[in-house]
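Here's the structure we're looking at; comments come further down.
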2 protein chains.
Amino acid sequence: MKKERQVDGLIVGGGPGGMSTAITAAKVWPERKILLVRPEEEPIVPCGIPYIFGTLKGVEQDLLSNAPFRALGGEILCDTVREIDPKARTALTEDGVLIHWQRLVLATGTRPHQLPFPGIERPGVFVIRKDYDHLEHLFDEVLPQSKRLAVIGGGFIGVEFADEVRKSGIEVAIIEQLPHLLLHNFDEEVAVKVEATLLEAEIQLYTGNGALALEGEGDKGPVQAVRLANQERVEADAVLVAIGDQRNVDLAQALNLTMARGGGIWVDAFQRCREYPEIFAVGDCAFKQDLLLRRSVPSLLASTAAAEGRIAGINLFGLQHERYNAGTIAIYASQIGDLAFGCAGMTANAARHEGLDVVVGRVEVPDHHPPTMPGTRMMTCLLVVSRSGLLLGGQVLGGPTTAEVLNAIGLAIQARLGVHELVSFQFGSHPRLTAPAHPIALCALEALEQLRCR
Amino acid sequence: MKKERQVDGLIVGGGPGGMSTAITAAKVWPERKILLVRPEEEPIVPCGIPYIFGTLKGVEQDLLSNAPFRALGGEILCDTVREIDPKARTALTEDGVLIHWQRLVLATGTRPHQLPFPGIERPGVFVIRKDYDHLEHLFDEVLPQSKRLAVIGGGFIGVEFADEVRKSGIEVAIIEQLPHLLLHNFDEEVAVKVEATLLEAEIQLYTGNGALALEGEGDKGPVQAVRLANQERVEADAVLVAIGDQRNVDLAQALNLTMARGGGIWVDAFQRCREYPEIFAVGDCAFKQDLLLRRSVPSLLASTAAAEGRIAGINLFGLQHERYNAGTIAIYASQIGDLAFGCAGMTANAARHEGLDVVVGRVEVPDHHPPTMPGTRMMTCLLVVSRSGLLLGGQVLGGPTTAEVLNAIGLAIQARLGVHELVSFQFGSHPRLTAPAHPIALCALEALEQLRCR
């Protein structure tokens, strides 16, 4: 006999987007019953995955807490939704539970890209999936037996993974087809500084050359090397393929939901799909519209997913007009060794590629003051500014405060501020905690001077 | 024979306000000759002063660098301006130099308040002046001979000084007449947490009781104790009086410049005085108008002075209309032991005192994630929000990123944002650098829920 359940809100998927929706909905609509269904018994913090292999020393150290949602009365079911009937408002799970819902949220995330390389099936070649057992297998069995790891893909995941793995004494090489690592996220100046930090940590970099094939004995022998486009051979007994993810939209496609032209489930400013106002989508599986350009942007970030989850959760049982998604801005940071670095909004390269005429304000300041203060590090800040003075983006390299400086830049972009305002904005300072004068104000002045000179 | 000099811009005073004016003017007006006159050969970083006595271990570690100004072609004269002739546009120094100027900037700062206590002249009783020799005397001679220091005044300087001095093994007590320390800057919740941290460091706290007199043998013997209003006696062989500062406005008064009713030289939005458009004033000696209340506010902060200096420097030889002072918002932070804490804008107490109906959004989050990440600390964030949803202020307690989170809050206040916007704003997150969800967005949601409930 089929089990049946009645809930008000059903959330499909338990990553940052789903969990953020769940927590927000449970908080804003305390009288409503919220059920989150996900296959994972122990959900992973996705952006913490690289740190499992170095800093955290174990998968069990990188778990997303269920406690905040449960404390608000939320319920979690460890199962997989297989079928959805949008007219009857039901969902059927793998274990045969029929769930009646009033509102449905798709938060089905991504999986690693299909891999185009010959030799991809060889033992020793792996991708990163957000899955406990898979990660435990990598941690316990694959990496401890490896002497030399090649990472294909010089984006954030590749770079963070490389820096963590080398801490356990494994030799690491990164292979990137673009001329520098991280070029999707940074202008050359920043990318080059991150590369220098990786080289100091004795990570080998192969840039400007894509991977062509994964070689080994016979057709099925363990991987022994990566062959590059220029025929160079990079030896490795383990290979991580980290060239991005693709969206899990099978459920949405089965519902015939409209897909955005740039990929992902089409959603409005309240994260609702086109066909059914009762069905929402958040996170990596959902379409994102760029805040500044108003067209699709592939920002598959946990923080973006969490922001969308807050919007869906707030509006789940009745729209709160003022709390909507004005458009996506990617804000992110990372850390390699002691060097933190990150970006908010557009790089100068990306802006110029769009046809925008931009100037770049640039300053270097100590992050404490006077610089004799223990723990002082230099912080480099770049602001990308349109000819009319509007702030379009920022990049920061520095110490522990880097990500929060970027959050302030991101906030200024979302508030549509210009350097004319920012240059006379006030910022606090303290010897042990900040630069003597804030890099945002100083950079704004640098940019204004360039605008004046032309 | 009198020496004469011709300059375009003359800046009187070399603290954060004067130096920020000087650097900015030299950068924005490179063709102009800028001269900064100050009495100090070695200028001190004012907010670094408490750290001289602990973390930095010496006055010579807390110097304001002249290099950035000199690198821009600026000149520094170690002298004191005694007389100003605003009609002739000249200034005469103590050493007899007659300086002809086109623009004059008064950045004359403050000195410690006149002290009302009987026994103030006793040996062992001191104030903090921003003066190399004075500080060196304290560092080399007064404190090394002290076993027990009493600090009168539980504001920022008193609290920071106490925490630094106790690191060299001196017993420390703080005396504050209000019911808690730091109540001018924080709501009780934050003040109480800072007090707990001070008590853990074995600093004794006497609150709710002002100092009445400084006692010792006879009329002139060295100080032995502080007598409190309730007659309690706090023993001490050294006493720091840190009850605030008063503005140095002698030069301005000699010029008959209009003074603001709340104190300080009256200035417009470009930092110009009322009588002479060629004379500017910045920093502690200048009047500040509160951004939200549009009336005088006693915000004697280095960061406020530096912001005013940027405005004066930009506008010194021609107004740049868009770069002006919209009003002052105090943003500041400090650190006691490992606990950083700070405030931006209004506290809930201050807002209610003004007659504003406010709610307080409050969250506690780890500053890394998952919380197993090494170095994770809890961060408490409070946002003070008007009934209409406008952000009025914020307070943060946490780790190394505290001051930059406050700068983002300060930026949101200056951009006149409301919680309606902030709740759907996007913030980046990273395991090693930030909370999983940003406290500003979470606090905005908490505040919105309170607004909805009433």
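Residues in the structure tokens are named by chain (A, B, ... in the order shown) and by number from 1 within that chain; ligands are numbered from 1 in the order shown.
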- request: Please report as a ChimeraX atom specification which residues of chain B come no farther than 7 Å from chain A, using only C-alpha atoms.
  value: /B:28,47-48,56,61-64,303-304,307,311,322-325,331-334,370,372-373,400-401,403-405,407-408,410,415,420-421,423-424,426-431,433-434,449
Could the residues in this selection be written to a file with C-alpha atoms, as a compact mmCIF listing (two decimals), in the first residue's frame?
# COMPACT_ATOMS: atom_id res chain seq x y z
CA VAL B 28 43.91 65.40 -7.64
CA CYS B 47 44.13 55.04 16.88
CA GLY B 48 47.29 52.96 17.20
CA LEU B 56 53.48 47.07 19.13
CA GLN B 61 56.23 51.28 15.85
CA ASP B 62 53.20 53.59 15.62
CA LEU B 63 54.24 56.29 13.15
CA LEU B 64 52.17 57.80 10.39
CA SER B 303 38.22 57.54 9.82
CA THR B 304 35.74 60.43 9.83
CA ALA B 307 36.88 60.98 4.87
CA ILE B 311 36.47 65.73 0.38
CA GLU B 322 29.45 65.31 -6.82
CA ARG B 323 32.15 64.74 -4.20
CA TYR B 324 30.81 66.26 -1.03
CA ASN B 325 30.01 65.44 2.56
CA ILE B 331 31.64 53.60 11.79
CA TYR B 332 34.20 52.07 14.10
CA ALA B 333 35.47 48.86 15.52
CA SER B 334 37.89 47.64 18.13
CA PRO B 370 31.24 24.48 8.04
CA THR B 372 34.64 22.61 11.68
CA MET B 373 36.83 24.91 9.52
CA PRO B 400 38.94 39.41 12.07
CA THR B 401 36.24 40.28 9.50
CA ALA B 403 35.21 45.74 10.82
CA GLU B 404 34.65 44.98 7.13
CA VAL B 405 31.15 43.63 7.81
CA ASN B 407 31.86 48.82 6.60
CA ALA B 408 29.31 47.02 4.42
CA GLY B 410 27.85 51.58 6.84
CA ALA B 415 23.13 54.30 0.24
CA HIS B 420 13.34 45.27 1.90
CA GLU B 421 16.27 45.57 -0.43
CA VAL B 423 16.98 40.80 2.37
CA SER B 424 17.24 39.88 -1.31
CA GLN B 426 23.44 38.80 -2.80
CA PHE B 427 26.60 38.22 -0.82
CA GLY B 428 29.47 35.91 -1.58
CA SER B 429 30.47 33.10 0.74
CA HIS B 430 33.53 30.94 1.09
CA PRO B 431 34.33 28.22 3.67
CA LEU B 433 36.53 33.40 4.69
CA THR B 434 32.85 33.95 5.53
CA GLU B 449 9.55 39.53 10.16
Need the shell around segment 134-150 of chain B: protein/DNA/RNA residues with any atom at most 8 Å away, counting only C-alpha atoms. Skip same-chain ones fewer than 2 positions apart. Format as a short mmCIF file (atom, residue, chain, number, x, y, z; two decimals) with C-alpha atoms, in the first residue's frame?
data_model
loop_
_atom_site.label_atom_id
_atom_site.label_comp_id
_atom_site.auth_asym_id
_atom_site.auth_seq_id
_atom_site.Cartn_x
_atom_site.Cartn_y
_atom_site.Cartn_z
CA ILE B 52 52.10 51.01 21.63
CA PHE B 53 51.80 49.66 25.17
CA GLY B 58 57.15 50.96 21.37
CA VAL B 59 56.22 54.43 20.14
CA GLY B 124 51.28 59.02 38.36
CA ILE B 128 47.00 60.47 26.40
CA ARG B 129 48.35 63.11 24.07
CA LYS B 130 49.22 62.42 20.42
CA ASP B 131 52.82 63.36 21.05
CA TYR B 132 55.90 61.22 20.59
CA ILE B 152 39.00 56.53 34.30
CA ILE B 170 50.17 45.29 35.17
CA GLU B 171 46.90 44.94 37.09
CA VAL B 172 44.22 47.09 35.51
CA ALA B 173 40.89 48.51 36.64
CA ILE B 174 38.43 50.51 34.52
CA ILE B 175 36.13 53.09 36.12
CA VAL B 226 40.78 56.73 42.93
CA VAL B 234 40.18 51.84 43.88
CA GLU B 235 43.88 51.48 44.62
CA ALA B 236 46.31 52.40 41.85
CA ASP B 237 49.84 53.71 41.50
CA ALA B 238 49.08 55.01 38.00
CA VAL B 239 45.88 56.59 36.68
CA LEU B 240 44.93 57.22 33.06
#
task: Please provide the set of residues having any atom within 10 Å of His100 of chain A, restricted to only C-alpha atoms, with same-chain residues fewer than 3 positions apart removed, written as a list of chain:residue names.
output: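 Those residues are A:Glu4, A:Arg5, A:Gln6, A:Val7, A:Asp8, A:Gly9, A:Leu10, A:Ile84, A:Asp85, A:Ala88, A:Arg89, A:Thr90, A:Ala91, A:Leu92, A:Val97, A:Arg103, A:Leu104.
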List the spatial neighbours of Ile265 of chain A as a PDB file with N, CA and C atoms, in the first residue's frame - criterion: any atom at most 8 Å away, only C-alpha atoms, same-chain residues fewer than 3 positions off excluded.
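The resulting selection_20.pdb:
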ATOM      1  N   VAL A 249      18.102  18.914 -14.706  1.00  0.00           N
ATOM      2  CA  VAL A 249      16.776  19.448 -15.002  1.00  0.00           C
ATOM      3  C   VAL A 249      15.837  18.356 -15.540  1.00  0.00           C
ATOM      4  N   ALA A 252      12.283  18.826 -14.288  1.00  0.00           N
ATOM      5  CA  ALA A 252      11.676  20.007 -14.913  1.00  0.00           C
ATOM      6  C   ALA A 252      11.317  19.716 -16.357  1.00  0.00           C
ATOM      7  N   LEU A 257       8.514  22.178 -18.282  1.00  0.00           N
ATOM      8  CA  LEU A 257       8.709  23.565 -17.879  1.00  0.00           C
ATOM      9  C   LEU A 257       9.569  24.286 -18.923  1.00  0.00           C
ATOM     10  N   THR A 258       9.310  25.552 -19.135  1.00  0.00           N
ATOM     11  CA  THR A 258      10.117  26.353 -20.054  1.00  0.00           C
ATOM     12  C   THR A 258      11.546  26.442 -19.553  1.00  0.00           C
ATOM     13  N   MET A 259      12.472  26.177 -20.464  1.00  0.00           N
ATOM     14  CA  MET A 259      13.887  26.331 -20.129  1.00  0.00           C
ATOM     15  C   MET A 259      14.373  27.680 -20.668  1.00  0.00           C
ATOM     16  N   ALA A 260      15.272  28.308 -19.927  1.00  0.00           N
ATOM     17  CA  ALA A 260      15.846  29.570 -20.406  1.00  0.00           C
ATOM     18  C   ALA A 260      16.774  29.282 -21.579  1.00  0.00           C
ATOM     19  N   CYS A 273       8.412  29.297 -11.848  1.00  0.00           N
ATOM     20  CA  CYS A 273       8.527  28.859 -13.232  1.00  0.00           C
ATOM     21  C   CYS A 273       7.411  29.482 -14.065  1.00  0.00           C
ATOM     22  N   ALA A 281      11.828  27.380  -8.690  1.00  0.00           N
ATOM     23  CA  ALA A 281      13.128  26.723  -8.876  1.00  0.00           C
ATOM     24  C   ALA A 281      14.219  27.654  -8.361  1.00  0.00           C
ATOM     25  N   CYS A 285      20.030  24.739 -10.767  1.00  0.00           N
ATOM     26  CA  CYS A 285      19.126  24.235 -11.807  1.00  0.00           C
ATOM     27  C   CYS A 285      18.292  25.356 -12.427  1.00  0.00           C
ATOM     28  N   ALA A 286      18.331  26.550 -11.820  1.00  0.00           N
ATOM     29  CA  ALA A 286      17.470  27.650 -12.276  1.00  0.00           C
ATOM     30  C   ALA A 286      18.257  28.657 -13.106  1.00  0.00           C
ATOM     31  N   PHE A 287      17.576  29.228 -14.068  1.00  0.00           N
ATOM     32  CA  PHE A 287      18.098  30.319 -14.897  1.00  0.00           C
ATOM     33  C   PHE A 287      18.432  31.543 -14.036  1.00  0.00           C
TER      34      PHE A 287
END
message: Which of segment 167-361 of chain B end up as alpha helix (DSSP H) when DSSP is run on this backbone - answer as an MDAnalysis selection string?
response: chainID B and resid 188:200 250:254 302:315 348:354
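Using only C-alpha atoms, the residues found no farther than 10 Å from Gly244 of chain A, other than those of its own chain fewer than 2 positions away, are Thr110, Arg111, Pro112, His113, Gln114, Leu115, Val127, Ile128, Gly153, Gly155, Phe156, Ile157, Gly158, Val241, Ala242, Gln246 and Leu300 of chain A.
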query: Hey, can you check how far atom CA of Val385 of chain A sits from atom CA of Met19 of chain B?
result: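 Going from atom CA of Val385 of chain A over to atom CA of Met19 of chain B, I get 26.7 Å.
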task: List every residue of segment 307-362 of chain B that DSSP, applied to the backbone of this structure, places in strand (DSSP E), and write the result as a list of chain:residue names.
output: B:Ile331, B:Tyr332, B:Ala333, B:Ser334, B:Gln335, B:Ile336, B:Leu339, B:Ala340, B:Phe341, B:Gly342, B:Cys343, B:Ala344, B:Gly345, B:Val358, B:Val359, B:Val360, B:Gly361, B:Arg362
Take the residues from that selection and write them out as an mmCIF file, in the first residue's frame, keeping C-alpha atoms.
data_model
loop_
_atom_site.group_PDB
_atom_site.id
_atom_site.type_symbol
_atom_site.label_atom_id
_atom_site.label_comp_id
_atom_site.auth_asym_id
_atom_site.auth_seq_id
_atom_site.Cartn_x
_atom_site.Cartn_y
_atom_site.Cartn_z
ATOM 1 C CA ILE B 331 31.640 53.598 11.785
ATOM 2 C CA TYR B 332 34.196 52.071 14.100
ATOM 3 C CA ALA B 333 35.468 48.855 15.523
ATOM 4 C CA SER B 334 37.892 47.641 18.135
ATOM 5 C CA GLN B 335 39.345 44.417 19.436
ATOM 6 C CA ILE B 336 39.879 43.101 22.962
ATOM 7 C CA LEU B 339 37.007 39.585 20.262
ATOM 8 C CA ALA B 340 36.424 42.274 17.651
ATOM 9 C CA PHE B 341 33.352 44.467 17.983
ATOM 10 C CA GLY B 342 32.045 47.612 16.409
ATOM 11 C CA CYS B 343 29.182 49.810 15.405
ATOM 12 C CA ALA B 344 27.942 51.675 12.329
ATOM 13 C CA GLY B 345 25.301 54.378 12.600
ATOM 14 C CA VAL B 358 12.803 50.696 15.708
ATOM 15 C CA VAL B 359 13.134 46.936 15.537
ATOM 16 C CA VAL B 360 16.390 45.030 15.921
ATOM 17 C CA GLY B 361 17.229 42.111 13.644
ATOM 18 C CA ARG B 362 19.696 39.803 15.337
#
message: Quick one: residues within 10 Å of Leu183 of chain B, only C-alpha atoms, excluding same-chain residues fewer than 6 positions away - as a PyMOL selection string?
response: chain B and resi 154-155+176+190-192+347+349-350
Just write the chosen residues, N, CA and C atoms, as a JSON list (two decimals), in the first residue's frame.
[["chain", "number", "residue", "atom", "x", "y", "z"],
["B", 154, "GLY", "N", 35.37, 54.51, 30.43],
["B", 154, "GLY", "CA", 35.20, 53.20, 29.78],
["B", 154, "GLY", "C", 34.76, 53.33, 28.34],
["B", 155, "GLY", "N", 35.35, 54.30, 27.62],
["B", 155, "GLY", "CA", 35.12, 54.39, 26.18],
["B", 155, "GLY", "C", 36.14, 53.55, 25.44],
["B", 176, "GLU", "N", 33.94, 53.57, 35.20],
["B", 176, "GLU", "CA", 33.00, 54.20, 34.26],
["B", 176, "GLU", "C", 31.74, 54.60, 35.02],
["B", 190, "VAL", "N", 25.85, 44.21, 23.50],
["B", 190, "VAL", "CA", 27.23, 44.20, 23.01],
["B", 190, "VAL", "C", 28.18, 44.63, 24.13],
["B", 191, "ALA", "N", 27.79, 45.67, 24.85],
["B", 191, "ALA", "CA", 28.63, 46.17, 25.94],
["B", 191, "ALA", "C", 28.90, 45.06, 26.97],
["B", 192, "VAL", "N", 27.87, 44.29, 27.28],
["B", 192, "VAL", "CA", 28.01, 43.23, 28.28],
["B", 192, "VAL", "C", 28.98, 42.15, 27.79],
["B", 347, "THR", "N", 22.69, 53.17, 17.43],
["B", 347, "THR", "CA", 22.29, 52.03, 18.25],
["B", 347, "THR", "C", 20.77, 52.09, 18.45],
["B", 349, "ASN", "N", 19.31, 52.01, 21.34],
["B", 349, "ASN", "CA", 19.09, 52.97, 22.43],
["B", 349, "ASN", "C", 19.07, 54.40, 21.92],
["B", 350, "ALA", "N", 20.05, 54.74, 21.08],
["B", 350, "ALA", "CA", 20.13, 56.11, 20.57],
["B", 350, "ALA", "C", 18.92, 56.43, 19.71]]
task: Pick out the closest residue to Arg352 of chain B from this set: B:Asn209, B:Asp187, B:Lys193, B:Val81. Count only C-alpha atoms.
output: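 Comparing B:Asn209, B:Asp187, B:Lys193, B:Val81 against Arg352 of chain B, the winner is B:Asp187.
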Shell of 12 Å around Gln231 of chain A, only C-alpha atoms, local chain residues under 6 positions omitted, as a VMD selection string: chain A and resid 209 to 215 225
Preceding selection exported with C-alpha atoms as an mmCIF file, in the first residue's frame:
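Final output, saved to result23.cif:
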data_model
loop_
_atom_site.group_PDB
_atom_site.id
_atom_site.type_symbol
_atom_site.label_atom_id
_atom_site.label_comp_id
_atom_site.auth_asym_id
_atom_site.auth_seq_id
_atom_site.Cartn_x
_atom_site.Cartn_y
_atom_site.Cartn_z
ATOM 1 C CA ASN A 209 47.039 24.066 -23.613
ATOM 2 C CA GLY A 210 43.969 21.913 -23.193
ATOM 3 C CA ALA A 211 43.949 18.234 -22.293
ATOM 4 C CA LEU A 212 43.544 15.956 -25.310
ATOM 5 C CA ALA A 213 43.522 12.433 -23.906
ATOM 6 C CA LEU A 214 44.177 10.365 -20.804
ATOM 7 C CA GLU A 215 46.850 7.774 -21.452
ATOM 8 C CA ALA A 225 49.555 10.652 -18.104
#
